[in-house]
$ cat upload_4.cif   # mmCIF, C-alpha atoms and all ligand atoms
data_final
#
loop_
_atom_site.label_atom_id
_atom_site.label_comp_id
_atom_site.auth_asym_id
_atom_site.auth_seq_id
_atom_site.Cartn_x
_atom_site.Cartn_y
_atom_site.Cartn_z
CA MET I 1 -73.50 -7.52 110.02
CA LYS I 2 -71.24 -9.10 107.44
CA LEU I 3 -70.53 -8.14 103.81
CA THR I 4 -70.66 -10.84 101.17
CA LEU I 5 -68.59 -11.14 98.03
CA ASP I 6 -71.79 -10.86 96.01
CA GLN I 7 -72.67 -7.52 97.58
CA ILE I 8 -69.21 -6.19 96.80
CA GLN I 9 -69.21 -7.50 93.26
CA SER I 10 -72.59 -5.97 92.60
CA GLN I 11 -71.07 -2.62 93.54
CA ASN I 12 -68.06 -3.28 91.33
CA ASN I 13 -70.35 -3.92 88.39
CA TYR I 14 -71.44 -0.29 88.42
CA GLN I 15 -67.85 0.88 88.25
CA SER I 16 -66.11 -1.72 86.17
CA ALA I 17 -66.41 -0.06 82.75
CA GLU I 18 -64.91 3.20 83.97
CA HIS I 19 -62.33 1.37 86.07
CA ASN I 20 -61.21 -0.90 83.26
CA ARG I 21 -60.66 2.10 81.00
CA SER I 22 -58.43 3.92 83.46
CA PHE I 23 -56.59 0.78 84.54
CA GLU I 24 -55.81 -0.24 80.96
CA PHE I 25 -54.57 3.24 80.13
CA LEU I 26 -52.31 3.25 83.20
CA ALA I 27 -51.06 -0.31 82.67
CA GLU I 28 -50.14 0.49 79.09
CA SER I 29 -48.18 3.59 79.98
CA LEU I 30 -46.38 1.79 82.82
CA GLU I 31 -45.47 -1.11 80.56
CA LYS I 32 -44.09 1.29 77.99
CA LYS I 33 -41.67 2.40 80.70
CA GLY I 34 -40.67 -1.22 81.25
CA ILE I 35 -42.58 -1.69 84.50
CA ASP I 36 -43.94 -5.13 85.32
CA VAL I 37 -47.55 -4.30 86.18
CA GLU I 38 -48.47 -7.83 87.25
CA SER I 39 -45.70 -7.96 89.81
CA LEU I 40 -46.74 -4.53 91.15
CA ILE I 41 -50.28 -5.81 91.56
CA SER I 42 -49.27 -8.93 93.43
CA LYS I 43 -47.05 -6.93 95.79
CA LEU I 44 -49.97 -4.63 96.51
CA GLN I 45 -52.27 -7.58 97.10
CA GLU I 46 -49.83 -9.03 99.63
CA LEU I 47 -49.53 -5.95 101.83
CA GLN I 48 -51.89 -6.29 104.80
CA ILE I 49 -52.27 -3.60 107.45
CA ALA I 50 -53.63 -4.42 110.88
CA ILE I 51 -56.50 -2.40 112.31
CA PRO I 52 -56.30 -1.28 115.94
CA SER I 53 -59.34 -2.30 117.96
CA TRP I 54 -59.34 1.13 119.62
CA ALA I 55 -59.80 3.03 116.38
CA LEU I 56 -63.18 1.54 115.49
CA GLY I 57 -65.09 3.90 117.73
CA THR I 58 -65.01 7.69 117.93
CA GLY I 59 -61.98 8.85 119.86
CA GLY I 60 -62.55 12.45 120.81
CA THR I 61 -60.18 14.83 122.51
CA ARG I 62 -59.87 15.90 126.12
CA PHE I 63 -62.35 18.64 125.26
CA GLY I 64 -65.13 16.37 124.17
CA ARG I 65 -66.27 13.37 122.28
CA PHE I 66 -68.95 13.42 119.62
CA SER I 67 -69.83 9.84 118.97
CA GLY I 68 -71.31 8.51 115.77
CA GLY I 69 -73.76 5.65 115.87
CA GLY I 70 -73.43 1.90 115.60
CA GLU I 71 -70.03 1.79 117.26
CA PRO I 72 -68.80 -1.61 118.36
CA ALA I 73 -69.33 -2.16 122.07
CA THR I 74 -67.74 -5.58 122.41
CA LEU I 75 -64.64 -7.31 121.13
CA ILE I 76 -66.72 -9.48 118.84
CA GLN I 77 -68.35 -6.40 117.33
CA LYS I 78 -64.90 -4.86 116.79
CA ILE I 79 -63.85 -8.04 115.01
CA GLN I 80 -66.97 -7.81 112.84
CA ASP I 81 -66.05 -4.25 111.89
CA VAL I 82 -62.55 -5.29 110.86
CA GLY I 83 -64.16 -8.11 108.89
CA ILE I 84 -66.22 -5.53 107.01
CA LEU I 85 -63.13 -3.43 106.27
CA HIS I 86 -61.27 -6.48 105.06
CA ALA I 87 -64.16 -7.57 102.87
CA LEU I 88 -64.09 -4.14 101.25
CA ASN I 89 -60.37 -3.72 100.70
CA GLN I 90 -58.90 -7.22 101.15
CA SER I 91 -56.00 -5.43 102.83
CA SER I 92 -56.76 -5.50 106.56
CA ASN I 93 -56.63 -9.12 107.59
CA ALA I 94 -55.75 -8.62 111.24
CA VAL I 95 -56.82 -6.75 114.36
CA SER I 96 -54.47 -5.42 117.02
CA LEU I 97 -55.84 -5.67 120.56
CA HIS I 98 -55.22 -3.39 123.51
CA ILE I 99 -55.35 -5.07 126.94
CA PRO I 100 -57.32 -4.54 129.16
CA TRP I 101 -59.59 -2.54 126.83
CA ASP I 102 -60.13 -5.82 125.03
CA ILE I 103 -60.21 -8.77 127.36
CA PRO I 104 -61.33 -11.94 125.66
CA SER I 105 -63.64 -13.81 128.02
CA ASP I 106 -64.69 -16.66 125.76
CA TYR I 107 -61.63 -17.53 123.66
CA GLN I 108 -63.45 -20.00 121.48
CA ALA I 109 -66.13 -17.45 120.59
CA ILE I 110 -63.45 -14.88 119.77
CA LYS I 111 -61.52 -17.31 117.61
CA ASP I 112 -64.70 -18.35 115.83
CA SER I 113 -65.59 -14.75 115.11
CA VAL I 114 -62.20 -13.98 113.54
CA SER I 115 -62.21 -17.08 111.39
CA GLU I 116 -65.73 -16.31 110.27
CA VAL I 117 -64.56 -13.03 108.74
CA GLY I 118 -61.17 -14.33 107.62
CA ILE I 119 -58.88 -12.25 109.79
CA GLY I 120 -56.32 -12.94 112.54
CA PHE I 121 -54.63 -11.20 115.47
CA ASP I 122 -51.71 -8.86 115.04
CA ALA I 123 -49.58 -7.44 117.86
CA VAL I 124 -51.12 -7.20 121.32
CA ASN I 125 -50.65 -3.89 123.13
CA SER I 126 -50.14 -3.57 126.87
CA ASN I 127 -51.55 -0.67 128.84
CA THR I 128 -49.68 0.64 131.86
CA PHE I 129 -50.62 4.26 131.23
CA GLN I 130 -53.96 4.03 133.05
CA ASP I 131 -54.97 2.60 136.40
CA GLN I 132 -57.63 -0.07 136.28
CA ALA I 133 -60.33 -0.43 138.94
CA HIS I 134 -59.04 -2.16 142.09
CA GLN I 135 -55.42 -1.93 140.99
CA ALA I 136 -53.04 -2.50 143.95
CA HIS I 137 -50.60 0.30 143.00
CA SER I 138 -50.94 3.37 140.82
CA TYR I 139 -49.15 4.20 137.56
CA LYS I 140 -49.57 7.90 138.24
CA PHE I 141 -45.80 8.34 138.55
CA GLY I 142 -44.83 5.77 135.96
CA SER I 143 -44.98 2.04 135.38
CA LEU I 144 -41.85 0.24 134.17
CA ALA I 145 -39.77 3.29 135.17
CA ASN I 146 -41.35 3.86 138.57
CA SER I 147 -38.99 4.31 141.51
CA GLU I 148 -41.11 1.85 143.53
CA GLN I 149 -40.38 -1.80 142.95
CA ALA I 150 -43.98 -2.83 143.69
CA VAL I 151 -45.31 -0.64 140.88
CA ARG I 152 -42.70 -1.92 138.44
CA ASP I 153 -43.57 -5.51 139.36
CA LEU I 154 -47.24 -4.87 138.73
CA ALA I 155 -46.49 -3.40 135.31
CA VAL I 156 -44.18 -6.29 134.42
CA GLU I 157 -46.85 -8.79 135.47
CA HIS I 158 -49.41 -7.00 133.31
CA ASN I 159 -47.15 -7.28 130.26
CA LYS I 160 -46.65 -10.99 130.92
CA LYS I 161 -50.39 -11.42 131.14
CA VAL I 162 -50.80 -9.64 127.79
CA ILE I 163 -48.30 -12.04 126.22
CA GLU I 164 -50.30 -14.99 127.60
CA ILE I 165 -53.49 -13.61 126.09
CA GLY I 166 -51.74 -13.00 122.77
CA GLU I 167 -50.39 -16.56 122.75
CA LYS I 168 -53.88 -17.97 123.14
CA LEU I 169 -55.06 -15.87 120.21
CA GLY I 170 -52.11 -16.47 117.90
CA SER I 171 -50.47 -13.03 118.07
CA LYS I 172 -46.77 -12.84 117.36
CA ALA I 173 -45.77 -9.52 118.90
CA LEU I 174 -46.15 -7.40 122.00
CA THR I 175 -46.15 -3.63 121.53
CA VAL I 176 -45.08 -1.61 124.54
CA TRP I 177 -45.79 2.08 124.68
CA LEU I 178 -44.99 3.80 127.97
CA ALA I 179 -46.34 7.10 129.22
CA ASP I 180 -43.53 7.08 131.79
CA GLY I 181 -41.74 10.35 132.23
CA SER I 182 -41.88 13.55 134.23
CA SER I 183 -43.73 16.81 133.78
CA PHE I 184 -41.33 18.99 135.76
CA PRO I 185 -37.57 19.31 135.98
CA GLY I 186 -36.30 17.55 139.07
CA GLN I 187 -39.42 15.39 139.40
CA HIS I 188 -37.47 12.18 138.98
CA SER I 189 -34.00 10.97 138.18
CA LEU I 190 -33.60 10.78 134.41
CA ARG I 191 -30.92 8.10 134.70
CA LYS I 192 -32.75 5.96 137.25
CA ALA I 193 -35.98 6.10 135.23
CA LEU I 194 -34.18 4.79 132.16
CA GLU I 195 -32.36 2.09 134.11
CA ASN I 196 -35.57 0.94 135.81
CA THR I 197 -37.25 0.77 132.42
CA HIS I 198 -34.40 -1.32 131.10
CA LEU I 199 -34.56 -3.74 134.06
CA SER I 200 -38.35 -4.06 133.82
CA LEU I 201 -38.18 -4.66 130.07
CA GLN I 202 -35.58 -7.35 130.72
CA GLU I 203 -38.13 -9.19 132.87
CA ILE I 204 -40.79 -8.86 130.19
CA TYR I 205 -38.33 -9.93 127.50
CA LYS I 206 -37.78 -13.26 129.29
CA ALA I 207 -41.49 -14.00 128.83
CA VAL I 208 -41.50 -13.12 125.11
CA PRO I 209 -41.79 -16.40 123.12
CA ASP I 210 -38.95 -17.15 120.71
CA ASP I 211 -41.06 -16.61 117.62
CA TRP I 212 -42.42 -13.30 118.92
CA LYS I 213 -41.20 -9.72 118.69
CA LEU I 214 -41.12 -7.12 121.40
CA LEU I 215 -41.89 -3.79 119.72
CA ILE I 216 -40.82 -0.72 121.64
CA GLU I 217 -42.57 2.56 120.80
CA TYR I 218 -41.01 5.94 121.48
CA LYS I 219 -42.64 9.34 121.79
CA PRO I 220 -41.15 12.73 122.69
CA TYR I 221 -43.88 14.05 124.96
CA GLU I 222 -47.47 13.62 126.11
CA PRO I 223 -48.71 12.82 128.67
CA SER I 224 -45.37 13.74 130.24
CA PHE I 225 -44.43 17.29 129.33
CA TYR I 226 -40.87 17.63 130.56
CA SER I 227 -39.24 14.27 129.89
CA THR I 228 -40.38 10.95 128.48
CA VAL I 229 -38.23 7.96 129.32
CA ILE I 230 -38.32 6.45 125.83
CA GLN I 231 -38.39 9.75 124.03
CA ASP I 232 -36.89 8.96 120.64
CA TRP I 233 -35.79 6.21 118.25
CA GLY I 234 -32.30 6.30 119.74
CA THR I 235 -33.56 5.40 123.22
CA SER I 236 -35.84 2.69 121.84
CA PHE I 237 -33.00 1.33 119.71
CA LEU I 238 -30.62 1.36 122.68
CA LEU I 239 -33.07 -0.66 124.77
CA ALA I 240 -33.87 -3.05 121.92
CA ASN I 241 -30.15 -3.67 121.40
CA LYS I 242 -29.53 -4.30 125.09
CA LEU I 243 -32.51 -6.66 125.32
CA GLY I 244 -31.64 -8.92 122.40
CA LYS I 245 -32.76 -10.19 119.05
CA LYS I 246 -36.49 -10.42 119.80
CA ALA I 247 -36.67 -6.67 120.56
CA TYR I 248 -37.21 -4.01 117.90
CA THR I 249 -37.97 -0.34 117.54
CA MET I 250 -41.49 0.54 116.46
CA VAL I 251 -42.06 3.79 114.59
CA ASP I 252 -45.35 5.60 115.22
CA LEU I 253 -45.39 8.35 112.61
CA GLY I 254 -47.01 10.82 115.02
CA HIS I 255 -44.31 10.38 117.65
CA HIS I 256 -41.80 12.89 116.34
CA LEU I 257 -41.15 16.54 116.88
CA PRO I 258 -42.22 18.62 113.86
CA ASN I 259 -40.06 18.23 110.76
CA THR I 260 -38.16 15.19 112.01
CA ASN I 261 -36.78 13.23 109.07
CA ILE I 262 -38.64 9.97 109.67
CA GLU I 263 -37.44 8.33 106.46
CA GLN I 264 -33.88 8.72 107.67
CA ILE I 265 -34.79 7.03 110.97
CA VAL I 266 -36.32 4.18 108.97
CA ALA I 267 -33.17 3.88 106.84
CA THR I 268 -30.91 3.79 109.90
CA LEU I 269 -33.02 1.23 111.78
CA MET I 270 -33.20 -1.04 108.74
CA THR I 271 -29.45 -0.86 108.28
CA GLU I 272 -29.15 -2.15 111.85
CA GLY I 273 -31.89 -4.77 111.34
CA LYS I 274 -33.88 -3.27 114.20
CA LEU I 275 -36.99 -1.83 112.56
CA GLY I 276 -39.91 -3.77 114.00
CA GLY I 277 -42.92 -2.09 112.48
CA PHE I 278 -45.16 0.92 112.26
CA HIS I 279 -48.06 2.66 113.81
CA PHE I 280 -49.28 4.61 110.79
CA ASN I 281 -51.13 7.91 111.12
CA ASP I 282 -50.53 11.51 110.08
CA SER I 283 -50.09 14.76 111.93
CA LYS I 284 -49.54 18.45 111.60
CA TYR I 285 -48.31 19.21 115.11
CA GLY I 286 -47.86 16.27 117.46
CA ASP I 287 -49.45 12.89 118.08
CA ASP I 288 -52.53 14.03 116.17
CA ASP I 289 -53.48 10.52 115.05
CA LEU I 290 -55.02 11.78 111.81
CA THR I 291 -55.81 9.76 108.69
CA VAL I 292 -52.64 8.40 107.08
CA GLY I 293 -51.58 10.53 104.13
CA SER I 294 -54.02 13.33 104.89
CA VAL I 295 -51.39 15.94 105.73
CA LYS I 296 -47.99 14.74 104.50
CA PRO I 297 -48.41 12.21 101.70
CA TYR I 298 -44.98 12.99 100.24
CA GLN I 299 -43.33 12.12 103.54
CA LEU I 300 -45.21 8.82 103.52
CA PHE I 301 -43.92 8.12 100.02
CA LEU I 302 -40.34 8.91 101.06
CA ILE I 303 -40.69 6.54 104.02
CA PHE I 304 -41.91 3.80 101.69
CA GLN I 305 -39.11 4.53 99.29
CA GLU I 306 -36.65 3.76 102.11
CA LEU I 307 -38.64 0.66 103.03
CA VAL I 308 -38.61 -0.71 99.49
CA LYS I 309 -34.86 -0.10 99.28
CA GLY I 310 -34.35 -1.57 102.75
CA PHE I 311 -36.24 -4.76 101.85
CA LYS I 312 -33.81 -5.28 98.97
CA GLU I 313 -30.60 -4.15 100.57
CA THR I 314 -30.79 -5.09 104.26
CA ASN I 315 -31.55 -8.14 106.36
CA ASN I 316 -34.18 -6.36 108.42
CA PRO I 317 -36.87 -8.95 109.26
CA PRO I 318 -40.47 -8.58 108.02
CA LEU I 319 -42.37 -5.73 109.65
CA SER I 320 -45.56 -5.36 111.65
CA TRP I 321 -47.88 -2.99 109.82
CA MET I 322 -50.48 -1.30 111.98
CA ILE I 323 -52.59 1.79 111.96
CA ASP I 324 -52.78 3.86 115.13
CA ALA I 325 -55.33 6.57 114.61
CA SER I 326 -58.14 8.30 116.42
CA HIS I 327 -61.27 9.64 114.83
CA ASN I 328 -63.07 12.72 116.01
CA LEU I 329 -64.92 13.91 112.95
CA LYS I 330 -65.11 11.14 110.39
CA ASP I 331 -66.83 7.80 110.44
CA PRO I 332 -64.03 5.66 111.93
CA MET I 333 -64.48 2.94 109.34
CA GLU I 334 -64.30 5.35 106.41
CA ASP I 335 -61.22 6.90 107.97
CA LEU I 336 -59.56 3.49 108.35
CA ILE I 337 -60.33 2.67 104.72
CA GLN I 338 -58.72 5.95 103.68
CA SER I 339 -55.65 5.20 105.82
CA VAL I 340 -55.13 1.75 104.34
CA GLN I 341 -55.53 3.17 100.82
CA ALA I 342 -52.96 5.87 101.55
CA ILE I 343 -50.44 3.33 102.81
CA LYS I 344 -50.87 1.09 99.80
CA LEU I 345 -50.68 4.01 97.40
CA ALA I 346 -47.41 5.19 98.96
CA TYR I 347 -46.08 1.64 98.68
CA ALA I 348 -47.09 1.44 95.02
CA GLN I 349 -45.46 4.80 94.27
CA ALA I 350 -42.28 3.67 96.00
CA LEU I 351 -42.23 0.44 93.99
CA LEU I 352 -42.37 2.58 90.87
CA VAL I 353 -39.16 4.47 91.64
CA ASP I 354 -36.53 3.72 89.05
CA SER I 355 -33.93 2.71 91.61
CA LYS I 356 -31.14 2.04 89.11
CA SER I 357 -31.40 5.51 87.61
CA LEU I 358 -31.68 6.99 91.08
CA GLU I 359 -28.47 5.30 92.16
CA ALA I 360 -26.75 6.42 88.98
CA ALA I 361 -27.88 10.00 89.62
CA GLN I 362 -26.60 9.77 93.18
CA GLU I 363 -23.20 8.48 92.03
CA VAL I 364 -22.62 11.49 89.78
CA HIS I 365 -24.22 13.98 92.20
CA ASP I 366 -27.04 14.77 89.81
CA VAL I 367 -29.24 16.41 92.44
CA ALA I 368 -31.94 17.69 90.10
CA GLY I 369 -32.01 14.38 88.26
CA ALA I 370 -32.52 12.45 91.51
CA GLN I 371 -35.46 14.64 92.43
CA GLU I 372 -36.99 14.15 88.97
CA ILE I 373 -36.82 10.38 89.42
CA LEU I 374 -38.51 10.43 92.82
CA GLN I 375 -41.19 12.88 91.83
CA ASP I 376 -41.91 11.12 88.56
CA ALA I 377 -42.97 8.10 90.63
CA TYR I 378 -44.79 10.13 93.26
CA ARG I 379 -46.77 12.12 90.73
CA THR I 380 -47.99 9.13 88.76
CA ASP I 381 -51.64 8.53 89.60
CA LEU I 382 -51.61 4.88 90.65
CA ARG I 383 -55.12 4.72 92.06
CA PRO I 384 -56.43 2.51 89.23
CA LEU I 385 -53.63 0.03 89.98
CA LEU I 386 -54.62 -0.08 93.64
CA ALA I 387 -58.27 -0.53 92.69
CA GLU I 388 -57.35 -3.35 90.35
CA ALA I 389 -55.33 -5.11 93.08
CA MET I 390 -58.31 -4.94 95.45
CA ARG I 391 -60.79 -6.01 92.78
CA ARG I 392 -58.71 -9.06 91.87
CA SER I 393 -58.52 -10.07 95.54
CA GLY I 394 -62.30 -9.93 95.83
CA GLY I 395 -62.51 -6.45 97.31
CA ALA I 396 -64.20 -3.30 96.10
CA ILE I 397 -62.94 -1.12 93.27
CA ASP I 398 -63.79 1.85 95.47
CA PRO I 399 -64.16 0.73 99.11
CA ILE I 400 -65.50 4.04 100.46
CA LYS I 401 -68.12 4.26 97.74
CA ALA I 402 -69.13 0.65 98.39
CA PHE I 403 -69.25 1.29 102.16
CA ARG I 404 -71.67 4.13 101.50
CA SER I 405 -73.79 2.50 98.80
CA LEU I 406 -74.16 -0.68 100.81
CA LYS I 407 -75.27 1.47 103.73
CA VAL I 408 -72.92 -0.24 106.15
CA ARG I 409 -73.12 2.44 108.83
CA GLU I 410 -76.90 2.54 108.65
CA SER I 411 -77.06 -1.24 109.13
CA LEU I 412 -74.68 -1.05 112.08
CA ILE I 413 -76.83 1.66 113.67
CA ASN I 414 -79.90 -0.52 113.17
CA GLU I 415 -78.14 -3.43 114.81
CA ARG I 416 -76.36 -1.67 117.65
CA GLY I 417 -78.24 1.55 118.15
CA LEU I 418 -77.14 5.18 118.05
CA LYS I 419 -75.59 5.27 121.48
CA SER I 420 -73.35 2.19 121.54
CA ILE I 421 -69.94 2.97 122.99
CA ALA I 422 -66.69 1.28 122.16
CA SER I 423 -64.38 0.70 125.07
CA GLY I 424 -61.02 2.36 124.81
CA LEU I 425 -59.76 5.84 124.08
C1 LIG D 1 -49.67 6.43 122.31
O1 LIG D 1 -49.48 7.62 122.04
C2 LIG D 1 -49.27 5.37 121.46
O2 LIG D 1 -49.40 5.75 120.12
C3 LIG D 1 -49.76 3.95 121.71
O3 LIG D 1 -49.58 3.16 120.59
C4 LIG D 1 -51.11 3.77 122.32
O4 LIG D 1 -51.14 2.54 122.95
C5 LIG D 1 -52.27 3.81 121.36
O5 LIG D 1 -52.25 5.00 120.63
C6 LIG D 1 -53.61 3.71 122.04
O6 LIG D 1 -53.89 4.89 122.73
ZN ZN D 2 -48.85 4.25 118.65
ZN ZN D 3 -49.46 7.83 119.88
ZN ZN D 4 -50.70 8.46 117.61
#
$ encode --input "upload_4.cif" --output "structure tokens" --more "lines below"
Ligand code: AOS
Ligand code: ZN
Ligand code: ZN
Ligand code: ZN
Amino acid sequence: MKLTLDQIQSQNNYQSAEHNRSFEFLAESLEKKGIDVESLISKLQELQIAIPSWALGTGGTRFGRFSGGGEPATLIQKIQDVGILHALNQSSNAVSLHIPWDIPSDYQAIKDSVSEVGIGFDAVNSNTFQDQAHQAHSYKFGSLANSEQAVRDLAVEHNKKVIEIGEKLGSKALTVWLADGSSFPGQHSLRKALENTHLSLQEIYKAVPDDWKLLIEYKPYEPSFYSTVIQDWGTSFLLANKLGKKAYTMVDLGHHLPNTNIEQIVATLMTEGKLGGFHFNDSKYGDDDLTVGSVKPYQLFLIFQELVKGFKETNNPPLSWMIDASHNLKDPMEDLIQSVQAIKLAYAQALLVDSKSLEAAQEVHDVAGAQEILQDAYRTDLRPLLAEAMRRSGGAIDPIKAFRSLKVRESLINERGLKSIASGL
């Protein structure tokens, strides 16, 4: 199934009177404060967030999986789903593949299906945290960090293969997330595991094309419960620095111990020009992979506030924007729409911050004043602005409402059945 512009505009017609009223009211009050509404809108229109292929089906937990219907079973169906999301919000023009969950067999067919829905390929993700059928060596005790050379070689080869696949598709980044670590003290040598990881990454780095990025994720625990080799931004940053200018640290919002100051990590990485991109999600406890902005929207705003400042004040290169979420209860497509909206809203709020006044308040140590400035931006309801940006790009004023009224899920169930299963976690 595919959504047409006509279908979306017919939905917008029902909402336009109400929308126009609230947008005009907001635009007027922003302009009174000296804010350039048109430039805000075009910045919002530009921001595109890639959709992970693995988030289009129901994820589940280790205790069970309760699948919805009409889930995409093939790569082409996943691409169609991203096409639907992009038609609705005009903000998700790329898909991020996970190899070997997504192995393109017919490249031409895959390329045709992305161009048909007007999207492209974002970062490709390698997977050395699971064994595949008929694999010569096991990743049970690690991949790039493994004490056995043969296992490390296998994992390095896999990453090179993923780069080759990405090159054929037009990706420009490889994301590496490693489950490597230990679950018990003494299980392996902490120093050797890190050094092996470094050496293996060096081999992979040689295969990274010059116009690509190598994005290194970190995560404190899970599935390893005692030590994870790349446990924090510092370890990722250290490796990225040793590897060279194509390597960057990737921040997955769920990969921090509770209460970690993520915005400060973002600020530090940008100062060093080593922030590569994001896996957006939200969490209460650990790597919960919940809808972006569902638990800590203020944190998301503060992260974006650092990003907006960093874009102006540092030479950090452009970022990769991706969602990394898992859906147990909601319709995955509705959840992804909500996540993209939350990201764009946080961006809009951050663009609203009166940075000159904030700096002035900081200079004179006006602590209360600084908080007023931040919260004035955060507490402005910018949803009509976001809706207007999507509407002008040809998307829906209210993408979730349109998704429901156009009965997208029902059509997908009709097409694919109730029991279709997406590959992946
Ligand atoms: C795992 O926790 C990481 O977030 C990775 O990005 C992983 O590849 C992805 O979540 C798919 O499981
Ligand atoms: Zn991730
Ligand atoms: Zn994760
Ligand atoms: Zn996650």
$ residues_near_ligand --input "upload_4.cif" --ligand "ligand ZN 2 (chain D)" --cutoff "12 Å" --atoms "all atoms listed in the file" --output "number ranges by chain"
I: 51-52, 54-55, 96, 98, 123-127, 175-179, 215-219, 249-256, 277-282, 287-290, 321-326
$ residues_around --input "upload_4.cif" --residues "I:Glu388" --least-positions-apart "3" --cutoff "8 Å" --atoms "all atoms listed in the file" --output "list in words"
Phe23, Ile41, Pro384, Leu385, Arg391, Arg392 and Ile397 of chain I
$ residues_around --input "upload_4.cif" --residues "I:His86" --least-positions-apart "2" --cutoff "10 Å" --atoms "all atoms listed in the file" --output "ChimeraX atom specification"
/I:3,48-51,80-84,88-94,117-119,337,394-396,399
$ atom_distance --input "upload_4.cif" --atom1 "atom CA of I:Glu46" --atom2 "atom CA of I:Phe304"
15.2 Å
$ residues_around --input "upload_4.cif" --residues "I:Leu412" --least-positions-apart "4" --cutoff "9 Å" --atoms "only C-alpha atoms" --output "list in words"
Met1, Gly69, Gly70, Glu71, Pro72, Lys407, Val408, Arg416, Gly417 and Leu418 of chain I
$ closest_residue --input "upload_4.cif" --among "I:Ser113, I:Thr291, I:Ser143, I:Ser22" --to "ligand ZN 4 (chain D)" --atoms "all atoms listed in the file"
I:Thr291
$ atom_distance --input "upload_4.cif" --atom1 "atom CA of I:Ser147" --atom2 "atom CA of I:Ala193"
7.2 Å
$ atom_distance --input "upload_4.cif" --atom1 "atom CA of I:Tyr221" --atom2 "atom CA of I:Gly60"
19.2 Å
$ closest_residue --input "upload_4.cif" --among "I:Glu157, I:Asp102, I:Glu306, I:Glu18" --to "ligand LIG 1 (chain D)" --atoms "only C-alpha atoms and all ligand atoms"
I:Asp102
$ closest_residue --input "upload_4.cif" --among "I:Glu313, I:Glu164, I:Glu195, I:Asp180" --to "I:Val208" --atoms "only C-alpha atoms"
I:Glu164
$ residues_around --input "upload_4.cif" --residues "I:Leu302" --least-positions-apart "4" --cutoff "8 Å" --atoms "only C-alpha atoms" --output "ChimeraX atom specification"
/I:263,298,306,350
$ write_last_selection --input "upload_4.cif" --atoms "C-alpha atoms" --output "short mmCIF file (atom, residue, chain, number, x, y, z; two decimals), keeping the file's coordinate frame"
data_model
loop_
_atom_site.label_atom_id
_atom_site.label_comp_id
_atom_site.auth_asym_id
_atom_site.auth_seq_id
_atom_site.Cartn_x
_atom_site.Cartn_y
_atom_site.Cartn_z
CA GLU I 263 -37.44 8.33 106.46
CA TYR I 298 -44.98 12.99 100.24
CA GLU I 306 -36.65 3.76 102.11
CA ALA I 350 -42.28 3.67 96.00
#
$ residues_around --input "upload_4.cif" --residues "I:Pro297" --least-positions-apart "4" --cutoff "10 Å" --atoms "all atoms listed in the file" --output "NGL selection string"
:I and (282 or 292-293 or 301-303 or 342-343 or 345-346 or 378)
$ closest_residue --input "upload_4.cif" --among "I:Ala240, I:Ser283, I:Ala155, I:Ser67" --to "I:Asn259" --atoms "only C-alpha atoms"
I:Ser283
$ residues_near_point --input "upload_4.cif" --point "(-39.7, -2.4, 99.5)" --cutoff "10 Å" --atoms "all atoms listed in the file" --output "list in words"
Lys43, Phe304, Gln305, Glu306, Leu307, Val308, Lys309, Gly310, Phe311, Lys312, Glu313, Tyr347, Ala348, Ala350 and Leu351 of chain I
$ write_last_selection --input "upload_4.cif" --atoms "C-alpha atoms" --output "mmCIF file, in the frame of the given file"
data_model
loop_
_atom_site.group_PDB
_atom_site.id
_atom_site.type_symbol
_atom_site.label_atom_id
_atom_site.label_comp_id
_atom_site.auth_asym_id
_atom_site.auth_seq_id
_atom_site.Cartn_x
_atom_site.Cartn_y
_atom_site.Cartn_z
ATOM 1 C CA LYS I 43 -47.050 -6.930 95.790
ATOM 2 C CA PHE I 304 -41.910 3.800 101.690
ATOM 3 C CA GLN I 305 -39.110 4.530 99.290
ATOM 4 C CA GLU I 306 -36.650 3.760 102.110
ATOM 5 C CA LEU I 307 -38.640 0.660 103.030
ATOM 6 C CA VAL I 308 -38.610 -0.710 99.490
ATOM 7 C CA LYS I 309 -34.860 -0.100 99.280
ATOM 8 C CA GLY I 310 -34.350 -1.570 102.750
ATOM 9 C CA PHE I 311 -36.240 -4.760 101.850
ATOM 10 C CA LYS I 312 -33.810 -5.280 98.970
ATOM 11 C CA GLU I 313 -30.600 -4.150 100.570
ATOM 12 C CA TYR I 347 -46.080 1.640 98.680
ATOM 13 C CA ALA I 348 -47.090 1.440 95.020
ATOM 14 C CA ALA I 350 -42.280 3.670 96.000
ATOM 15 C CA LEU I 351 -42.230 0.440 93.990
#
